[in-house]
Amino acid sequence: MRSLLNYLMALVRVAAYFDRRGGRLFTLAALLLAGSRGMQVAAFFLPIKVLILMASAREPGYYHYLKPYLTLDQLMLGMLLLVPVFYFSYIILGVMHRRVLDADLNRQKTVAFECGALKLKPAQMVSLHRRLAKAYADMWLMLGTLLVITLIQPLLGAAVAALVLFNLLIFDAYAFAANEDKRLTIFRLHRRQFIEYIASSNFLVVFFMLAWGIARLGLDVFSAVLMLLLSRLLFQAMQRFSAESLSLKSDLEKPFS
């Protein structure tokens, strides 16, 4: 636990240093990428919801608040129109992320990199900037996704957060500390395979948690589908974050230990 915490603190410290040097563009780029991936999930979820509502001719639970202002057909039309809005937002935010990140890197190249004991040459700084930007964006995406899941169903949100922490502790204990040529478990998995298979298996755990939530907590089907999609987004972000951490952890821990 301490090892993981020290690594995360070092990661945030270096990201904050990049942010101060670049006029807050580093964090802005991370948030744009996280937002882009969030819009991608919204653009996938909304058509599913609209199609189910149209096929069942069923009113959504919140419709009684809108009934004085909108007919059900108008509500369906509004949802249909939101689908391309979310989809193009996903593309636009992704393009903006790349432009902002490139602008930040150009600023970073003009200043010597000295963050505490971590001193890098320009080529080393460019490599760290690229890898850290991906991990930092995925960290924001995990936090944002966990927040949304918790707002939908606090108990399940806490369970998913505990599951993420448990996964990161496993990765820190086995994958992060292992050498590149070391094979893990009786299946002789490469470190990246180990991370990928463990991260993807969480989808099954969340599925059964949501089934229990529907049966015992009164979770409605649309919230369950949204949480399932958000959980997939969350564990994909965790997988990417952990894969980047295979090299980042050793690079960042030594100067700040």
# chains A, B, ... in the order shown; residues from 1 in each chain; ligands from 1
>>> residues_around(residues="Leu101 of chain A", least_positions_apart="3", cutoff="9 Å", atoms="only C-alpha atoms", output="number ranges by chain")
A: 25-26, 28-30, 96-98, 104-106, 130, 133
>>> write_last_selection(atoms="N, CA and C atoms", output="tab-separated table (two decimals), in the first residue's frame")
chain	number	residue	atom	x	y	z
A	25	LEU	N	-1.59	23.81	-19.13
A	25	LEU	CA	-2.02	23.08	-20.32
A	25	LEU	C	-1.96	21.57	-20.13
A	26	PHE	N	-1.07	21.09	-19.27
A	26	PHE	CA	-0.91	19.65	-19.08
A	26	PHE	C	-2.18	19.04	-18.49
A	28	LEU	N	-5.16	20.48	-18.50
A	28	LEU	CA	-6.24	20.72	-19.46
A	28	LEU	C	-6.26	19.62	-20.52
A	29	ALA	N	-5.08	19.23	-21.03
A	29	ALA	CA	-5.01	18.17	-22.03
A	29	ALA	C	-5.53	16.85	-21.46
A	30	ALA	N	-5.18	16.56	-20.21
A	30	ALA	CA	-5.64	15.32	-19.56
A	30	ALA	C	-7.16	15.33	-19.41
A	96	MET	N	-8.95	18.50	-29.67
A	96	MET	CA	-8.46	19.57	-28.79
A	96	MET	C	-7.39	19.06	-27.84
A	97	HIS	N	-7.57	17.84	-27.35
A	97	HIS	CA	-6.56	17.24	-26.46
A	97	HIS	C	-5.21	17.19	-27.16
A	98	ARG	N	-5.18	16.70	-28.38
A	98	ARG	CA	-3.92	16.57	-29.10
A	98	ARG	C	-3.28	17.93	-29.33
A	104	ASP	N	1.61	22.26	-25.20
A	104	ASP	CA	2.28	22.16	-23.91
A	104	ASP	C	3.70	21.61	-24.07
A	105	LEU	N	3.86	20.59	-24.90
A	105	LEU	CA	5.18	20.01	-25.10
A	105	LEU	C	6.14	21.02	-25.70
A	106	ASN	N	5.66	21.84	-26.63
A	106	ASN	CA	6.51	22.88	-27.23
A	106	ASN	C	6.98	23.88	-26.18
A	130	ARG	N	5.22	12.32	-22.69
A	130	ARG	CA	4.28	11.50	-23.46
A	130	ARG	C	3.64	10.41	-22.60
A	133	ALA	N	1.48	11.92	-19.64
A	133	ALA	CA	0.22	12.51	-20.10
A	133	ALA	C	-0.87	11.46	-20.23
>>> select_by_dssp(residues="segment 58-237 of chain A", states="alpha helix (DSSP H)", output="MDAnalysis selection string")
chainID A and resid 63:66 72:108 122:152 154:170 191:216 221:237
>>> residues_around(residues="Ser250 of chain A", least_positions_apart="3", cutoff="12 Å", atoms="only C-alpha atoms", output="ChimeraX atom specification")
/A:3-4,6-8,10-11,128,172,175-179,244-247,253-257
>>> atom_distance(atom1="atom CA of Ala117 of chain A", atom2="atom CA of Arg131 of chain A")
19.2 Å
>>> closest_atom_pairs(of="segment 192-253 of chain A", to="segment 134-143 of chain A", cutoff="6 Å", atoms="only C-alpha atoms", output="JSON lines")
{"residue": "A:Leu234", "atom": "CA", "partner": "A:Met142", "partner_atom": "CA", "distance": 5.4}
{"residue": "A:Ala237", "atom": "CA", "partner": "A:Asp138", "partner_atom": "CA", "distance": 5.2}
{"residue": "A:Phe241", "atom": "CA", "partner": "A:Ala135", "partner_atom": "CA", "distance": 4.8}
>>> closest_residue(among="A:Leu248, A:Leu82, A:Leu132, A:Val50", to="Ala15 of chain A", atoms="only C-alpha atoms")
A:Leu132
>>> atom_distance(atom1="atom CA of Tyr197 of chain A", atom2="atom CA of Met209 of chain A")
19.1 Å
>>> residues_around(residues="Leu228 of chain A", least_positions_apart="2", cutoff="8 Å", atoms="only C-alpha atoms", output="JSON, numbers by chain")
{"A": [203, 206, 207, 210, 224, 225, 226, 230, 231, 232]}
>>> write_last_selection(atoms="C-alpha atoms", output="PDB file, in the first residue's frame")
ATOM      1  CA  PHE A 203     -16.244  -6.717 -15.826  1.00  0.00           C
ATOM      2  CA  VAL A 206     -19.356  -5.720 -11.788  1.00  0.00           C
ATOM      3  CA  PHE A 207     -21.983  -7.525 -13.877  1.00  0.00           C
ATOM      4  CA  LEU A 210     -25.315  -4.918 -10.835  1.00  0.00           C
ATOM      5  CA  ALA A 224     -27.562  -0.605 -14.524  1.00  0.00           C
ATOM      6  CA  VAL A 225     -26.681  -0.455 -18.233  1.00  0.00           C
ATOM      7  CA  LEU A 226     -25.040   2.954 -17.791  1.00  0.00           C
ATOM      8  CA  LEU A 230     -18.986   3.216 -17.140  1.00  0.00           C
ATOM      9  CA  SER A 231     -17.367   0.276 -15.357  1.00  0.00           C
ATOM     10  CA  ARG A 232     -15.982  -0.972 -18.660  1.00  0.00           C
TER      11      ARG A 232
END
>>> closest_residue(among="A:Arg107, A:Met9, A:Leu219, A:Ile92", to="Gly23 of chain A", atoms="only C-alpha atoms")
A:Arg107
